[in-house]
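Coordinates as given in query-v8.cif (mmCIF, C-alpha atoms):
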data_final
#
loop_
_atom_site.label_atom_id
_atom_site.label_comp_id
_atom_site.auth_asym_id
_atom_site.auth_seq_id
_atom_site.Cartn_x
_atom_site.Cartn_y
_atom_site.Cartn_z
CA MET A 1 55.17 87.16 134.40
CA LYS A 2 57.14 84.35 136.04
CA TRP A 3 57.14 80.94 134.40
CA LYS A 4 58.02 77.37 135.23
CA ALA A 5 58.70 74.40 132.97
CA VAL A 6 56.53 71.27 132.89
CA ARG A 7 57.11 68.09 130.91
CA ASN A 8 54.41 66.07 129.15
CA LEU A 9 55.64 62.50 129.57
CA ARG A 10 53.35 61.32 126.78
CA LEU A 11 55.42 63.34 124.32
CA CYS A 12 58.86 62.88 125.91
CA THR A 13 61.16 60.71 123.78
CA LYS A 14 64.07 60.79 126.23
CA ASP A 15 66.44 62.71 124.02
CA CYS A 16 67.50 64.37 127.26
CA LEU A 17 68.51 67.69 125.70
CA CYS A 18 66.79 69.42 128.62
CA LEU A 19 69.39 67.80 130.83
CA TYR A 20 72.22 69.35 128.87
CA VAL A 21 70.83 72.87 128.67
CA CYS A 22 69.30 73.36 132.13
CA PRO A 23 71.57 75.68 134.09
CA VAL A 24 70.34 74.41 137.48
CA GLY A 25 69.68 70.71 136.92
CA ALA A 26 65.93 71.01 137.46
CA THR A 27 65.14 68.40 134.78
CA ASP A 28 67.50 65.80 136.23
CA THR A 29 64.98 63.93 138.35
CA GLU A 30 64.29 60.25 138.94
CA ASP A 31 60.59 60.51 138.02
CA SER A 32 61.07 62.85 135.01
CA ILE A 33 58.92 65.52 136.63
CA ILE A 34 60.75 68.85 136.51
CA ASP A 35 61.75 70.06 139.98
CA VAL A 36 59.71 73.24 140.43
CA ASP A 37 61.85 74.38 143.36
CA LYS A 38 64.97 74.42 141.21
CA CYS A 39 63.41 75.65 137.95
CA THR A 40 64.15 79.31 137.30
CA GLY A 41 61.73 79.59 134.39
CA CYS A 42 64.41 80.47 131.81
CA GLY A 43 62.79 78.36 129.09
CA ASP A 44 66.00 76.87 127.66
CA CYS A 45 64.76 73.29 128.08
CA ALA A 46 61.47 74.01 126.28
CA ALA A 47 63.35 75.61 123.39
CA ALA A 48 65.85 72.73 123.17
CA CYS A 49 63.43 69.81 123.38
CA PRO A 50 63.12 68.18 119.92
CA SER A 51 59.81 66.52 120.86
CA LYS A 52 58.09 69.66 122.12
CA ALA A 53 57.46 67.79 125.36
CA ILE A 54 58.24 70.74 127.63
CA SER A 55 56.06 73.80 127.94
CA MET A 56 56.25 76.89 130.09
CA ILE A 57 53.29 77.58 132.37
CA PRO A 58 52.75 80.64 134.55
CA ALA A 59 54.24 80.26 138.04
CA GLU A 60 51.24 82.21 139.27
CA MET A 61 47.98 81.47 137.49
CA PRO A 62 46.20 84.50 136.05
CA LEU A 63 42.82 85.09 137.70
CA PRO A 64 39.75 83.82 135.84
CA GLN A 65 37.29 86.30 134.34
CA GLU A 66 34.80 87.58 136.85
CA LYS A 67 31.39 85.95 136.76
CA LYS A 68 28.02 87.70 136.95
CA ASP A 69 25.73 86.69 139.81
CA GLU A 70 23.01 85.51 137.41
CA VAL A 71 25.49 83.22 135.66
CA LEU A 72 26.68 81.80 138.98
CA THR A 73 23.07 81.12 140.02
CA GLY A 74 22.28 79.39 136.72
CA MET A 75 25.44 77.29 136.71
CA ARG A 76 25.09 76.29 140.36
CA ALA A 77 21.52 75.10 139.74
CA LEU A 78 22.93 73.06 136.85
CA LEU A 79 25.67 71.70 139.11
CA GLU A 80 23.06 70.50 141.60
CA ALA A 81 21.10 68.91 138.75
CA LYS A 82 24.16 67.01 137.52
CA SER A 83 24.88 65.88 141.06
CA ARG A 84 21.38 64.40 141.47
CA GLU A 85 21.65 62.60 138.13
CA ARG A 86 25.06 61.24 139.04
CA LEU A 87 23.90 59.92 142.42
CA LEU A 88 20.85 58.28 140.87
CA ALA A 89 22.90 56.63 138.09
CA SER A 90 25.39 55.48 140.72
CA ALA A 91 22.63 53.81 142.76
CA LEU A 92 21.17 52.19 139.61
CA SER A 93 24.57 50.81 138.60
CA GLU A 94 24.53 48.53 141.62
CA GLU A 95 21.54 46.45 140.59
CA GLY A 96 20.18 44.54 137.61
CA PRO A 97 21.76 42.77 134.63
CA ASP A 98 25.28 43.39 133.27
CA GLY A 99 24.30 45.65 130.37
CA LYS A 100 22.27 47.97 132.58
CA ARG A 101 25.09 48.16 135.13
CA ARG A 102 27.58 49.12 132.43
CA LEU A 103 25.23 51.73 131.00
CA MET A 104 24.61 53.24 134.43
CA ARG A 105 28.32 53.24 135.29
CA ALA A 106 28.95 55.05 132.01
CA LEU A 107 26.20 57.57 132.79
CA GLU A 108 27.50 58.12 136.31
CA LYS A 109 30.90 58.94 134.84
CA SER A 110 29.31 61.11 132.16
CA PHE A 111 27.24 63.11 134.65
CA ARG A 112 30.29 63.49 136.91
CA LEU A 113 32.46 64.83 134.09
CA SER A 114 29.75 67.26 133.00
CA GLY A 115 29.22 68.31 136.60
CA GLU A 116 32.93 68.96 137.12
CA ASP A 117 33.03 71.04 133.96
CA ILE A 118 29.97 72.99 135.13
CA ALA A 119 31.62 73.55 138.56
CA ARG A 120 34.50 75.33 136.84
CA GLU A 121 32.04 77.76 135.29
CA ALA A 122 30.09 78.06 138.54
CA GLY A 123 32.92 80.09 140.03
CA PHE A 124 35.43 77.41 141.03
CA MET A 125 37.85 77.25 138.10
CA LEU A 126 41.22 77.04 139.85
CA PRO A 127 42.30 75.19 142.99
CA GLN A 128 44.18 78.26 144.24
CA GLN A 129 41.60 80.93 143.50
CA GLU A 130 40.08 82.94 146.34
CA GLU A 131 36.57 81.45 145.96
CA SER A 132 37.90 77.88 146.30
CA LEU A 133 39.98 78.72 149.37
CA ASN A 134 37.15 80.71 150.98
CA LEU A 135 34.85 77.75 150.48
CA LEU A 136 37.32 75.49 152.31
CA GLU A 137 37.52 78.02 155.14
CA SER A 138 33.76 78.29 155.44
CA ILE A 139 33.53 74.49 155.72
CA LEU A 140 36.28 74.50 158.36
CA ASP A 141 34.26 77.01 160.41
CA ASN A 142 31.72 74.31 161.09
CA PRO A 143 33.04 71.03 159.67
CA PRO A 144 30.75 68.02 159.23
CA GLN A 145 31.76 64.93 161.21
CA GLY A 146 34.63 63.06 159.58
CA PHE A 147 35.59 65.94 157.28
CA PRO A 148 39.35 65.74 156.49
CA GLU A 149 40.22 69.00 158.26
CA ASP A 150 43.99 68.48 158.14
CA SER A 151 43.93 68.18 154.35
CA ALA A 152 41.81 71.31 154.01
CA ARG A 153 44.23 73.25 156.24
CA ALA A 154 47.23 71.91 154.31
CA ILE A 155 45.70 73.08 151.02
CA LEU A 156 45.07 76.51 152.50
CA SER A 157 48.60 76.94 153.79
CA SER A 158 50.06 75.62 150.55
CA PHE A 159 48.13 78.08 148.35
CA ARG A 160 47.99 81.03 150.73
CA LYS A 161 51.80 81.26 150.85
CA GLY A 162 51.51 83.89 148.17
CA ASP A 163 51.66 81.12 145.57
CA ARG A 164 48.41 81.85 143.82
CA MET B 1 16.81 68.79 101.32
CA LYS B 2 19.56 68.20 103.86
CA TYR B 3 19.20 67.51 107.56
CA ILE B 4 21.89 68.33 110.11
CA CYS B 5 22.34 66.64 113.49
CA SER B 6 22.21 69.29 116.21
CA ILE B 7 24.57 67.28 118.42
CA CYS B 8 27.49 66.49 116.13
CA GLY B 9 26.79 68.22 112.80
CA PHE B 10 26.38 65.02 110.72
CA VAL B 11 24.55 65.90 107.49
CA TYR B 12 21.91 63.62 105.97
CA ASP B 13 21.55 64.49 102.29
CA GLU B 14 18.22 63.21 100.94
CA GLU B 15 19.46 63.48 97.36
CA LYS B 16 22.48 61.26 97.95
CA GLU B 17 20.71 58.79 100.23
CA GLY B 18 17.66 58.47 97.96
CA VAL B 19 15.30 58.25 100.93
CA PRO B 20 13.45 61.31 102.27
CA PHE B 21 14.38 62.02 105.89
CA SER B 22 10.73 61.89 106.91
CA GLU B 23 10.47 58.29 105.69
CA LEU B 24 13.31 57.06 107.90
CA PRO B 25 12.06 54.93 110.82
CA SER B 26 11.28 56.92 113.96
CA ASP B 27 13.87 54.96 115.97
CA ARG B 28 16.62 55.84 113.49
CA VAL B 29 19.63 57.37 115.27
CA CYS B 30 22.44 59.52 113.89
CA PRO B 31 25.13 57.19 112.49
CA ALA B 32 27.89 59.40 113.87
CA CYS B 33 26.82 60.10 117.43
CA GLY B 34 23.67 58.10 118.19
CA ALA B 35 21.36 61.10 118.65
CA GLU B 36 17.68 60.43 118.02
CA LYS B 37 15.97 61.36 114.75
CA ALA B 38 14.18 64.40 116.20
CA MET B 39 17.55 65.98 117.01
CA SER B 40 18.23 66.59 113.30
CA ASP B 41 16.91 69.78 111.72
CA PRO B 42 16.40 70.74 108.06
CA VAL B 43 19.28 72.85 106.74
CA LYS B 44 18.04 76.25 105.59
CA GLU B 45 20.05 78.97 103.95
CA ASN B 46 20.88 81.74 106.42
CA MET B 47 19.48 79.83 109.35
CA PRO B 48 18.29 82.34 111.92
CA GLN B 49 19.84 82.06 115.36
CA SER B 50 17.31 80.62 117.72
CA SER B 51 16.32 83.14 120.31
CA VAL B 52 16.80 82.24 123.91
CA ALA B 53 14.25 82.52 126.66
CA GLU B 54 14.31 86.06 128.00
CA ASP B 55 13.01 85.22 131.43
CA ILE B 56 15.74 84.90 134.01
CA SER B 57 15.00 83.83 137.50
CA SER B 58 15.23 86.85 139.79
CA ASP B 59 16.62 84.77 142.62
CA ASN B 60 20.29 85.62 142.56
CA SER B 61 21.28 84.09 145.84
CA HIS B 62 24.15 81.67 145.46
CA ASP B 63 25.20 81.02 149.00
CA MET B 64 27.89 78.34 148.75
CA GLU B 65 26.95 76.87 152.10
CA LYS B 66 23.75 75.78 150.41
CA LEU B 67 25.57 73.51 147.97
CA SER B 68 24.69 69.87 148.60
CA SER B 69 27.29 67.24 149.48
CA GLY B 70 26.95 65.78 146.00
CA ALA B 71 27.62 69.15 144.36
CA LEU B 72 30.56 69.80 146.69
CA SER B 73 31.98 66.42 145.74
CA LEU B 74 31.96 67.39 142.03
CA LEU B 75 33.36 70.82 142.80
CA PHE B 76 36.29 69.43 144.79
CA SER B 77 37.08 66.55 142.45
CA ASN B 78 37.34 69.14 139.70
CA LEU B 79 39.76 71.20 141.81
CA ALA B 80 41.78 67.99 142.27
CA ARG B 81 41.91 67.66 138.48
CA GLY B 82 43.02 71.28 138.30
CA CYS B 83 45.92 70.48 140.62
CA GLU B 84 46.85 67.50 138.48
CA LYS B 85 47.05 69.71 135.41
CA GLN B 86 49.25 72.17 137.28
CA TYR B 87 51.54 69.33 138.40
CA ARG B 88 50.65 69.72 142.07
CA PRO B 89 50.22 66.07 143.13
CA HIS B 90 50.11 66.78 146.89
CA GLU B 91 47.30 69.30 146.67
CA GLN B 92 45.57 67.03 144.14
CA LYS B 93 45.50 64.17 146.66
CA MET B 94 44.10 66.37 149.42
CA TYR B 95 41.38 67.91 147.25
CA GLN B 96 40.45 64.39 146.09
CA GLU B 97 40.23 63.24 149.72
CA ILE B 98 37.75 66.06 150.39
CA ALA B 99 35.79 65.18 147.22
CA ASP B 100 35.62 61.52 148.31
CA PHE B 101 34.40 62.57 151.74
CA PHE B 102 31.49 64.55 150.26
CA SER B 103 30.75 61.80 147.73
CA ALA B 104 30.42 59.28 150.57
CA GLU B 105 28.23 61.76 152.51
CA ALA B 106 25.95 62.19 149.49
CA LYS B 107 25.63 58.43 149.00
CA LYS B 108 24.41 58.00 152.58
CA GLU B 109 21.06 59.35 151.46
CA LYS B 110 19.15 56.96 149.25
CA ALA B 111 18.92 58.36 145.72
CA GLU B 112 15.24 58.28 144.83
CA GLY B 113 13.36 59.01 141.66
CA ASP B 114 13.25 58.07 138.03
CA LEU B 115 16.39 58.91 136.05
CA VAL B 116 14.53 59.39 132.75
CA SER B 117 12.13 61.97 134.18
CA LEU B 118 14.95 63.69 136.08
CA VAL B 119 16.92 64.04 132.84
CA ASN B 120 13.81 65.33 131.03
CA ASP B 121 13.05 67.84 133.79
CA ASN B 122 16.61 69.14 133.75
CA LEU B 123 16.68 69.49 129.97
CA ALA B 124 13.46 71.51 130.08
CA GLY B 125 14.42 73.47 133.22
CA VAL B 126 17.90 74.22 134.53
CA TYR B 127 19.58 73.93 131.12
CA LYS B 128 17.25 76.60 129.74
CA THR B 129 17.70 79.05 132.63
CA ALA B 130 21.48 78.56 132.67
CA GLU B 131 21.58 79.28 128.93
CA ALA B 132 19.45 82.41 129.32
CA SER B 133 21.61 83.92 132.06
CA ALA B 134 24.90 83.04 130.34
CA THR B 135 23.64 84.47 127.04
CA ALA B 136 22.46 87.69 128.69
CA ALA B 137 25.86 88.09 130.38
CA GLY B 138 27.80 87.13 127.25
CA ASP B 139 29.70 84.56 129.31
CA ARG B 140 31.41 82.38 126.70
CA GLY B 141 32.90 79.99 129.23
CA ALA B 142 29.55 79.23 130.83
CA LEU B 143 27.89 78.93 127.41
CA ARG B 144 30.51 76.45 126.22
CA ALA B 145 30.24 74.26 129.35
CA ARG B 146 26.43 74.36 129.22
CA LEU B 147 26.35 73.41 125.53
CA TRP B 148 28.67 70.41 125.90
CA SER B 149 26.77 69.24 128.95
CA TYR B 150 23.46 69.70 127.11
CA LYS B 151 24.60 67.67 124.10
CA VAL B 152 25.93 64.91 126.34
CA GLU B 153 22.62 64.95 128.22
CA MET B 154 20.58 64.63 125.02
CA ILE B 155 22.60 61.51 124.14
CA ALA B 156 22.06 60.17 127.66
CA ARG B 157 18.31 60.64 127.22
CA THR B 158 18.39 58.78 123.90
CA LEU B 159 20.33 55.88 125.40
CA LEU B 160 17.98 55.66 128.38
CA SER B 161 14.89 55.56 126.18
CA ARG B 162 16.55 53.00 123.87
CA TYR B 163 17.29 50.84 126.90
CA GLU B 164 13.67 51.09 128.02
CA LYS B 165 12.56 49.79 124.60
CA GLU B 166 15.31 47.31 123.74
CA GLY B 167 16.47 46.15 127.17
CA GLU B 168 19.66 44.10 127.54
CA LYS B 169 19.73 43.28 123.79
CA MET B 170 20.97 46.83 123.20
CA LEU B 171 24.19 46.08 125.08
CA GLU B 172 24.82 42.41 124.32
CA ASN B 173 28.18 41.70 122.65
CA THR B 174 29.09 45.35 122.42
CA SER B 175 30.86 47.93 124.52
CA VAL B 176 30.02 51.15 126.32
CA TRP B 177 32.48 54.03 125.93
CA VAL B 178 32.77 57.36 127.72
CA CYS B 179 34.72 60.37 126.46
CA SER B 180 37.04 61.19 129.36
CA VAL B 181 36.96 64.87 128.43
CA CYS B 182 33.27 65.77 128.01
CA GLY B 183 31.39 62.65 129.15
CA PHE B 184 29.81 61.73 125.78
CA VAL B 185 28.58 58.11 125.97
CA TYR B 186 28.88 55.83 122.94
CA ILE B 187 27.67 52.27 122.37
CA GLY B 188 29.72 50.28 119.85
CA ASP B 189 32.50 47.77 119.31
CA SER B 190 35.16 50.47 119.20
CA ALA B 191 35.30 54.11 120.24
CA PRO B 192 34.51 56.74 117.56
CA ALA B 193 37.53 58.26 115.78
CA LEU B 194 36.58 61.70 117.11
CA CYS B 195 34.28 62.64 119.96
CA PRO B 196 31.18 64.13 118.27
CA VAL B 197 30.74 66.66 121.08
CA CYS B 198 34.21 67.90 122.06
CA LYS B 199 36.24 66.53 119.08
CA VAL B 200 39.05 64.79 120.99
CA PRO B 201 40.56 61.64 119.36
CA SER B 202 39.46 58.07 120.14
CA TRP B 203 42.23 57.36 122.64
CA LYS B 204 40.56 59.81 125.03
CA PHE B 205 37.63 57.35 125.31
CA GLU B 206 37.45 54.88 128.18
CA LYS B 207 35.71 51.53 127.94
CA VAL B 208 33.27 50.85 130.77
CA GLU B 209 33.61 47.31 132.13
#
Kindly transcribe the structure held in the file into structure tokens.
Amino acid sequence: MKWKAVRNLRLCTKDCLCLYVCPVGATDTEDSIIDVDKCTGCGDCAAACPSKAISMIPAEMPLPQEKKDEVLTGMRALLEAKSRERLLASALSEEGPDGKRRLMRALEKSFRLSGEDIAREAGFMLPQQEESLNLLESILDNPPQGFPEDSARAILSSFRKGDR
Amino acid sequence: MKYICSICGFVYDEEKEGVPFSELPSDRVCPACGAEKAMSDPVKENMPQSSVAEDISSDNSHDMEKLSSGALSLLFSNLARGCEKQYRPHEQKMYQEIADFFSAEAKKEKAEGDLVSLVNDNLAGVYKTAEASATAAGDRGALRARLWSYKVEMIARTLLSRYEKEGEKMLENTSVWVCSVCGFVYIGDSAPALCPVCKVPSWKFEKVE
């Protein structure tokens, strides 16, 4: 498996040992984000970092486990349910006294987070997986008015370049 | 006798507390997570696993074109988060743009209905069928996501019914917190040390202004 290094800036204490060990200078960037085009995946920086701020992630994500149709049906019904709750809480957060607005804003966020988590288990775990890209393509076949088509195409070409 | 909260696992020990659980007021909530009294169950030795509904809907169609704008918005904002975690900021931005488009589409239709009854219907309906199909398939990922969502939903129901009873007093001079990982909602002056549902530390909580 091929790997690439990523840095967690929350943990980075700027000891800069990665800078000294990297054979290609991939960690020497202005914004502290490791340059994925330069990184060869050797792992020296991760091993050298005293703060354990660098980890190696797969250059190509392994495919998620396959899902049974019944599970997809159940989770997608749940996804729709979370969506309705979220939209209703969102509408309610725009009216009434301060406490109610805060509660409804919290619930909107809560329902959204649950819904996103459910979406992962409804067959759309990774942004580069086939199901996600096929969905974008099927929307592009007959896009609703105002749909950001250029962005959808850019995602497709970015992930379909064999970089799955 | 001991009683355990089915949301967070907090144990009420009648012997230590000196008050039988049944004599606690009906509006008593779990001191750890805020779940209502009825969510705590007596602790029995060798508690049998509760059996899950065996009936699974025979309708297996899951045509993605049938997903609503609101559902698509959640689906794509999650893919944006996936890009963020893989350090792909450009793709993240584009997926988020698509999510925002569908969110705006969904908000064009007026959201109608009563949130409390919607939550109740979902708890009695889709949560049960999703659990049955995921259990039958042995899908641990789906079971985990369903369980967290269910626990968070039970808390949401409790908070909604408390607000119906107590009104604005419930939220005066205190704060509303949301766990940024699982969506657990907490009312209090400061966030809990650990999320009762997904167990992340307090700094993962966001205060709702």
Looking at B:Val11, B:Ile98, B:Cys30, B:Ala106, which one is nearest to Pro42 (chain B), with distances taken over all atoms listed in the file? B:Val11
Please produce, as CSV, a per-residue contact table for chain B versus chain A (criterion: any atom at most 7 Å away, only C-alpha atoms considered), showing the nearest atom pair and its distance in Å to one decimal, sorted by chain then residue number.
residue,atom,partner,partner_atom,distance
B:Asn60,CA,A:Glu70,CA,5.8
B:Ser61,CA,A:Thr73,CA,6.8
B:His62,CA,A:Thr73,CA,5.6
B:Gly70,CA,A:Ser83,CA,5.4
B:Ala71,CA,A:Ser83,CA,5.4
B:Leu74,CA,A:Glu116,CA,5.2
B:Leu75,CA,A:Ala119,CA,5.3
B:Asn78,CA,A:Glu116,CA,5.1
B:Leu79,CA,A:Pro127,CA,4.9
B:Gly82,CA,A:Pro127,CA,6.1
B:Cys83,CA,A:Pro127,CA,6.4
B:Glu91,CA,A:Ile155,CA,6.0
B:Met94,CA,A:Ser151,CA,5.3
B:Ile98,CA,A:Pro148,CA,6.3
B:Phe101,CA,A:Phe147,CA,6.6
B:Lys107,CA,A:Leu87,CA,7.0
B:Ala111,CA,A:Leu88,CA,5.2
B:Glu112,CA,A:Leu88,CA,6.9
B:Leu115,CA,A:Leu88,CA,6.6
B:Asn122,CA,A:Ala81,CA,6.7
B:Val126,CA,A:Leu78,CA,5.7
B:Tyr127,CA,A:Leu78,CA,6.7
B:Thr129,CA,A:Gly74,CA,6.1
B:Ala130,CA,A:Gly74,CA,4.2
B:Ser133,CA,A:Val71,CA,5.3
B:Ala134,CA,A:Val71,CA,5.4
B:Ala137,CA,A:Lys68,CA,6.9
B:Gly141,CA,A:Glu121,CA,6.5
B:Ala142,CA,A:Glu121,CA,5.3
B:Ala145,CA,A:Ile118,CA,5.9
B:Ser149,CA,A:Ser114,CA,5.4
B:Glu168,CA,A:Gly99,CA,5.7
B:Leu171,CA,A:Gly99,CA,5.3
B:Glu172,CA,A:Gly99,CA,6.9
B:Val176,CA,A:Leu103,CA,6.7
B:Val178,CA,A:Ala106,CA,6.2
B:Cys182,CA,A:Leu113,CA,6.2
B:Gly183,CA,A:Ser110,CA,4.0
B:Phe184,CA,A:Ser110,CA,6.4
B:Val185,CA,A:Ala106,CA,6.8
B:Val208,CA,A:Ala106,CA,6.2
B:Glu209,CA,A:Arg102,CA,6.3
One number please: CA of Phe10 (chain B) to CA of Leu160 (chain B), in Å, one decimal.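 Atom-to-atom, CA of Phe10 (chain B) to CA of Leu160 (chain B), that is 21.7 Å.
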Quick check, in Å to one decimal: how far apart do CA of Ile187 (chain B) and CA of Ser93 (chain A) lie? 16.6 Å
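Distances to Cys49 (chain A) were evaluated for A:Leu133, A:Met1, A:Cys18, A:Leu140 using all atoms listed in the file, and the minimum falls at A:Cys18.
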Give as JSON, numbers by chain the residues that the PyMOL selection byres ((chain B and resi 192) around 10) matches when applied to the coordinates above. {"B": [32, 33, 177, 179, 186, 187, 188, 189, 190, 191, 193, 194, 195, 196, 200, 201, 202, 203, 205]}
Figure out the distance between CA of Thr29 (chain A) and CA of Lys85 (chain B), please, to one decimal in Å.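 So the two atoms, CA of Lys85 (chain B) and CA of Thr29 (chain A), lie 19.1 Å apart.
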Point out the residue among B:Gly167, B:Pro25, B:Pro31, B:Gly113 with the least atom-to-atom distance to Tyr12 (chain B), counting only C-alpha atoms.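 Closest residue, counting only C-alpha atoms: B:Pro31.
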Given the file shown, determine the residues that the PyMOL selection byres ((chain A and resi 38) around 10) selects; report them as a ChimeraX atom specification. /A:4,23-27,34-37,39-41
Would you save the residues from that selection as a PDB file, in the frame of the given file, using C-alpha atoms?
ATOM      1  CA  LYS A   4      58.020  77.370 135.230  1.00  0.00           C
ATOM      2  CA  PRO A  23      71.570  75.680 134.090  1.00  0.00           C
ATOM      3  CA  VAL A  24      70.340  74.410 137.480  1.00  0.00           C
ATOM      4  CA  GLY A  25      69.680  70.710 136.920  1.00  0.00           C
ATOM      5  CA  ALA A  26      65.930  71.010 137.460  1.00  0.00           C
ATOM      6  CA  THR A  27      65.140  68.400 134.780  1.00  0.00           C
ATOM      7  CA  ILE A  34      60.750  68.850 136.510  1.00  0.00           C
ATOM      8  CA  ASP A  35      61.750  70.060 139.980  1.00  0.00           C
ATOM      9  CA  VAL A  36      59.710  73.240 140.430  1.00  0.00           C
ATOM     10  CA  ASP A  37      61.850  74.380 143.360  1.00  0.00           C
ATOM     11  CA  CYS A  39      63.410  75.650 137.950  1.00  0.00           C
ATOM     12  CA  THR A  40      64.150  79.310 137.300  1.00  0.00           C
ATOM     13  CA  GLY A  41      61.730  79.590 134.390  1.00  0.00           C
TER      14      GLY A  41
END
For the structure shown, which residues end up in the PyMOL selection byres ((chain A and resi 53) around 8)? Put them as a ChimeraX atom specification, please? /A:7-12,46,49-52,54-55
Pick out the closest residue to Leu123 (chain B) from this set: B:Val29, B:Met1, B:Ala38, B:Leu147. Count all atoms listed in the file. B:Leu147
Given the choices A:Cys45, A:Ala5, A:Asp31, A:Arg160, which gets closest to Leu19 (chain A) if the distance is worked out from only C-alpha atoms?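 Closest to Leu19 (chain A) of all the choices is A:Cys45.
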